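Take a look at the structure below.
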Amino acid sequence: MIETYVKQLKSNDAARRREAIIALGKSNDRAALQPLAEVYKNDPEPALRELALKAGRYLRQQTQQEPPPVQQVGAAASSSSASSRLKEELASYEAEDTAKASAIPVQRRHVVTQADIDRSKSYLDEALSHNMNGDNARALKALRKALELNPDIKDDGFFVSVAGAVTGDTGQAAINFILDQAQAKEFLKESKRQQKSVQTAMHLETAEKSRWSGVTLELAVFVLINVFGTLIMFFVFTESISSLSTDSDMISARQAGELRSMVASFSLVTGLIVGLISGVGSAVNLFLQGAAIHFVATTLFGGKGTIRFMLDKLFGLYNKRLPLLYALLVASVWVTIGAGSPIFTVLIGFITSLIGLQILFKASSLTSQAYNFSAGSGCLTNIFAFGFLWVISMVVGYVLSSAFLGSFLSGMSNLPLS
């Protein structure tokens, strides 16, 4: 588990090395003592060398074992004299640090219960976890709670180390930073902005992975589902009409003849044509819906995403739900015409409506995911997109009807008057 952090100790970024030192100190693995000793010996940053020593001391306390002999890595790893010198330096540094700590009287400002001390330590652990996950805003909040519960925790070396990792300061400067409400508030805002920036970058990286080839495949599946679904409905409808035409108890002879004539006019070719029209028309409509959602999301709500990512998700959603919807519609046609059961018709219609609503809510959720904003923004985006398409359809309908009416009136005016 510690191998990743051991590699991170060699990073050129001091902040990354600081994170690794803290993580190794909390690892409860004695194998981390040797890498920490090497940091203390070789790291160019004095603050990190001191932090490594304290992390090693904390780790030894947690494992409740004596420290192992410290060895030097690299070309001088086999040198016993170098190991002895390093061990002596560690012991000397620790003794000096202990002497300094004992020489300074600790000012107890509050009487703290053991329960608050334990809770304060748990907030310290929480701060470390948030820091390692890159969420310094929550880490800072946890450190402030730890100080509120136990003000004396600021004298703990490990607390100071975590505070330094979170704030970027060292020692008392890190403590003062946490206690300063104005600085802490600004830090929280900046951390949230940075975190949002990172989330946006990760989201865009995911969105960019969507390809038009994937959208095309989902589109083809969508068209096929609609074609075959419509064809099956067409077949069930004709069979139900044919069965109804032979039931003389329900309809008159004249009505039966009319129904047989209607069924005779139906054919497989007719069903395929109807299915293709339904499939292609539905695909075009859904494509326009996705484009409208993309326009509204990026223009009005500042969403970050790609249209192909949205279309891929949207077609995928409908491809998972459409087979069930067509099955319910087929059942509805059969029970309405063939079986003549109005109760089952109402029940199936209710279930179909519920699935339709579920698709709408899921589409709103997918929109919020596709453009990295809130669920409320996703819902409003879909509402505005549908409204936008409705306005366009009304405008197109008005233009076409006006053109047709103008052509008709022009033709009428050219007719000779008798």
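Just so we're on the same page: first chain in the structure tokens is A, next is B, and so on; residues restart at 1 for each chain, and ligands are numbered from 1 in the order they show up.
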TODO: Would you kindly return, as a ChimeraX atom specification, each protein, DNA or RNA residue with an atom no farther than 12 Å from any atom of range 1-5 of chain A, considering only C-alpha atoms and excluding same-chain residues fewer than 5 positions away?
DONE: /A:10-11,16-36,132
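Once Asp180 in chain A and its same-chain neighbours fewer than 6 positions away are set aside, Leu140, Arg144, Thr167, Ala173, Ala174, Glu186 and Phe187 of chain A remain within 12 Å of it when counting only C-alpha atoms.
Distance check against Ala363 in chain A using only C-alpha atoms: of A:Ser191, A:Gln183, A:Gln289, A:Thr299, the minimum falls on A:Gln289.
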Please provide the set of residues having any atom within 8 Å of Gly378 in chain A, restricted to only C-alpha atoms, with same-chain residues fewer than 3 positions apart removed, written as a compact mmCIF listing (two decimals) with N, CA and C atoms, in the first residue's frame.
```txt
# COMPACT_ATOMS: atom_id res chain seq x y z
N ALA A 297 -28.11 24.42 -22.43
CA ALA A 297 -27.20 24.14 -21.31
C ALA A 297 -25.94 24.98 -21.39
N SER A 364 -33.40 14.53 -17.42
CA SER A 364 -32.93 15.72 -16.70
C SER A 364 -31.67 15.41 -15.90
N SER A 365 -31.65 14.23 -15.27
CA SER A 365 -30.48 13.82 -14.52
C SER A 365 -29.26 13.66 -15.43
N LEU A 366 -29.47 13.04 -16.60
CA LEU A 366 -28.37 12.88 -17.56
C LEU A 366 -27.86 14.23 -18.05
N THR A 367 -28.77 15.18 -18.20
CA THR A 367 -28.36 16.51 -18.64
C THR A 367 -27.45 17.16 -17.61
N SER A 368 -27.81 17.04 -16.33
CA SER A 368 -26.96 17.62 -15.28
C SER A 368 -25.60 16.95 -15.24
N PHE A 373 -23.56 20.41 -14.00
CA PHE A 373 -24.23 21.37 -13.12
C PHE A 373 -25.31 20.66 -12.31
N SER A 374 -26.08 21.42 -11.55
CA SER A 374 -27.01 20.84 -10.58
C SER A 374 -28.19 20.16 -11.27
N ALA A 375 -28.89 19.31 -10.49
CA ALA A 375 -30.06 18.62 -11.02
C ALA A 375 -31.17 19.61 -11.38
N THR A 381 -33.07 23.08 -17.94
CA THR A 381 -32.52 23.00 -19.29
C THR A 381 -33.45 22.23 -20.20
N ASN A 382 -33.96 21.10 -19.73
CA ASN A 382 -34.87 20.29 -20.55
C ASN A 382 -36.19 21.02 -20.81
```
Open item on the list: With only C-alpha atoms as the counted atoms, please give the residues lying no more than 8 Å from Val166 in chain A, apart from itself and same-chain residues fewer than 4 positions off, as number ranges by chain.
Closed with: A: 131, 136, 139-140, 162
Keeping N, CA and C atoms, export the residues of the selection given above as a compact mmCIF listing (two decimals), in the first residue's frame.
```txt
# COMPACT_ATOMS: atom_id res chain seq x y z
N ASN A 131 -7.33 16.10 2.96
CA ASN A 131 -6.13 16.65 2.32
C ASN A 131 -5.54 15.69 1.30
N ASN A 136 -8.97 20.43 0.25
CA ASN A 136 -8.45 21.21 1.37
C ASN A 136 -9.51 22.10 2.03
N ALA A 139 -10.85 19.89 4.59
CA ALA A 139 -9.77 19.65 5.55
C ALA A 139 -9.63 20.82 6.51
N LEU A 140 -9.73 22.05 5.98
CA LEU A 140 -9.61 23.23 6.84
C LEU A 140 -10.76 23.30 7.83
N VAL A 162 -0.13 18.45 9.71
CA VAL A 162 -1.32 18.40 8.85
C VAL A 162 -1.77 19.81 8.48
```
Open item on the list: Using only C-alpha atoms, which protein or nucleic acid residues come within 12 Å of Lys54 in chain A? Drop anything in the same chain fewer than 4 positions from it, and give the result as an NGL selection string.
Closed with: :A and (21-22 or 24-26 or 33 or 36-37 or 39-40 or 47-50 or 58-61 or 90 or 93-94 or 97-98 or 156-162)
TODO: Fewer than 2 positions away in the same chain doesn't count, so skip those; otherwise give me all residues within 8 Å of Thr306 in chain A, counting only C-alpha atoms, as a PyMOL selection string.
DONE: chain A and resi 207-208+294+304+308-310+370-371
Could you write out that same residue set with N, CA and C atoms as a compact mmCIF listing (two decimals), in the first residue's frame?
```txt
# COMPACT_ATOMS: atom_id res chain seq x y z
N ALA A 207 -16.05 13.70 -21.18
CA ALA A 207 -16.94 14.03 -22.29
C ALA A 207 -16.23 13.92 -23.64
N GLU A 208 -14.96 14.29 -23.67
CA GLU A 208 -14.21 14.24 -24.92
C GLU A 208 -13.98 12.82 -25.41
N HIS A 294 -28.27 20.91 -25.67
CA HIS A 294 -26.88 21.39 -25.67
C HIS A 294 -26.83 22.91 -25.79
N LYS A 304 -20.68 22.82 -19.15
CA LYS A 304 -19.47 22.42 -19.87
C LYS A 304 -19.65 20.98 -20.34
N ARG A 308 -21.94 15.53 -28.61
CA ARG A 308 -21.91 14.10 -28.89
C ARG A 308 -22.04 13.29 -27.59
N PHE A 309 -21.49 13.82 -26.48
CA PHE A 309 -21.63 13.15 -25.19
C PHE A 309 -23.10 13.13 -24.76
N MET A 310 -23.80 14.27 -24.96
CA MET A 310 -25.21 14.35 -24.61
C MET A 310 -26.04 13.41 -25.47
N ALA A 370 -24.14 15.44 -17.89
CA ALA A 370 -23.44 15.72 -19.15
C ALA A 370 -22.82 17.11 -19.17
N TYR A 371 -23.40 18.06 -18.40
CA TYR A 371 -22.90 19.44 -18.45
C TYR A 371 -22.38 19.93 -17.10
```
- [ ] Identify which of the residues A:Val284, A:Ala165, A:Val333, A:Ala201 lies closest to Phe222 in chain A, counting only C-alpha atoms when measuring atom-to-atom distances.
- [x] A:Val284
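Minimum atom-to-atom distance to Gln181 in chain A, evaluated using only C-alpha atoms, belongs to A:Lys141 out of A:Arg57, A:Lys41, A:Lys141, A:Arg119.
From CA of Ala15 in chain A back to CA of Gln62 in chain A, the distance works out to 24.4 Å.
Considering only C-alpha atoms, the residue among A:Leu360, A:Asn372, A:Leu124, A:Gln8 positioned nearest to Ser197 in chain A is A:Asn372.
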TODO: Step one, run DSSP on the backbone; step two, keep only residues of range 133-214 of chain A assigned to alpha helix (DSSP H); then write them as JSON, numbers by chain.
DONE: {"A": [136, 137, 138, 139, 140, 141, 142, 143, 144, 145, 146, 147, 148, 149, 157, 158, 159, 160, 161, 162, 163, 164, 165, 166, 167, 171, 172, 173, 174, 175, 176, 177, 178, 179, 181, 182, 183, 184, 185, 186, 187, 188, 189, 190, 191, 192, 193, 194, 195, 196, 197, 198, 199, 200, 201, 202, 203, 204, 205, 206, 207, 208, 212, 213, 214]}
Open item on the list: Please report the interatomic distance between CA of Ile293 in chain A and CA of Leu276 in chain A in Å with one decimal.
Closed with: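 Pair CA of Ile293 in chain A / CA of Leu276 in chain A returns 25.5 Å.
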- [ ] Between CA of Leu179 in chain A and CA of Lys196 in chain A, measure the distance and give it in Å to one decimal.
- [x] 24.9 Å
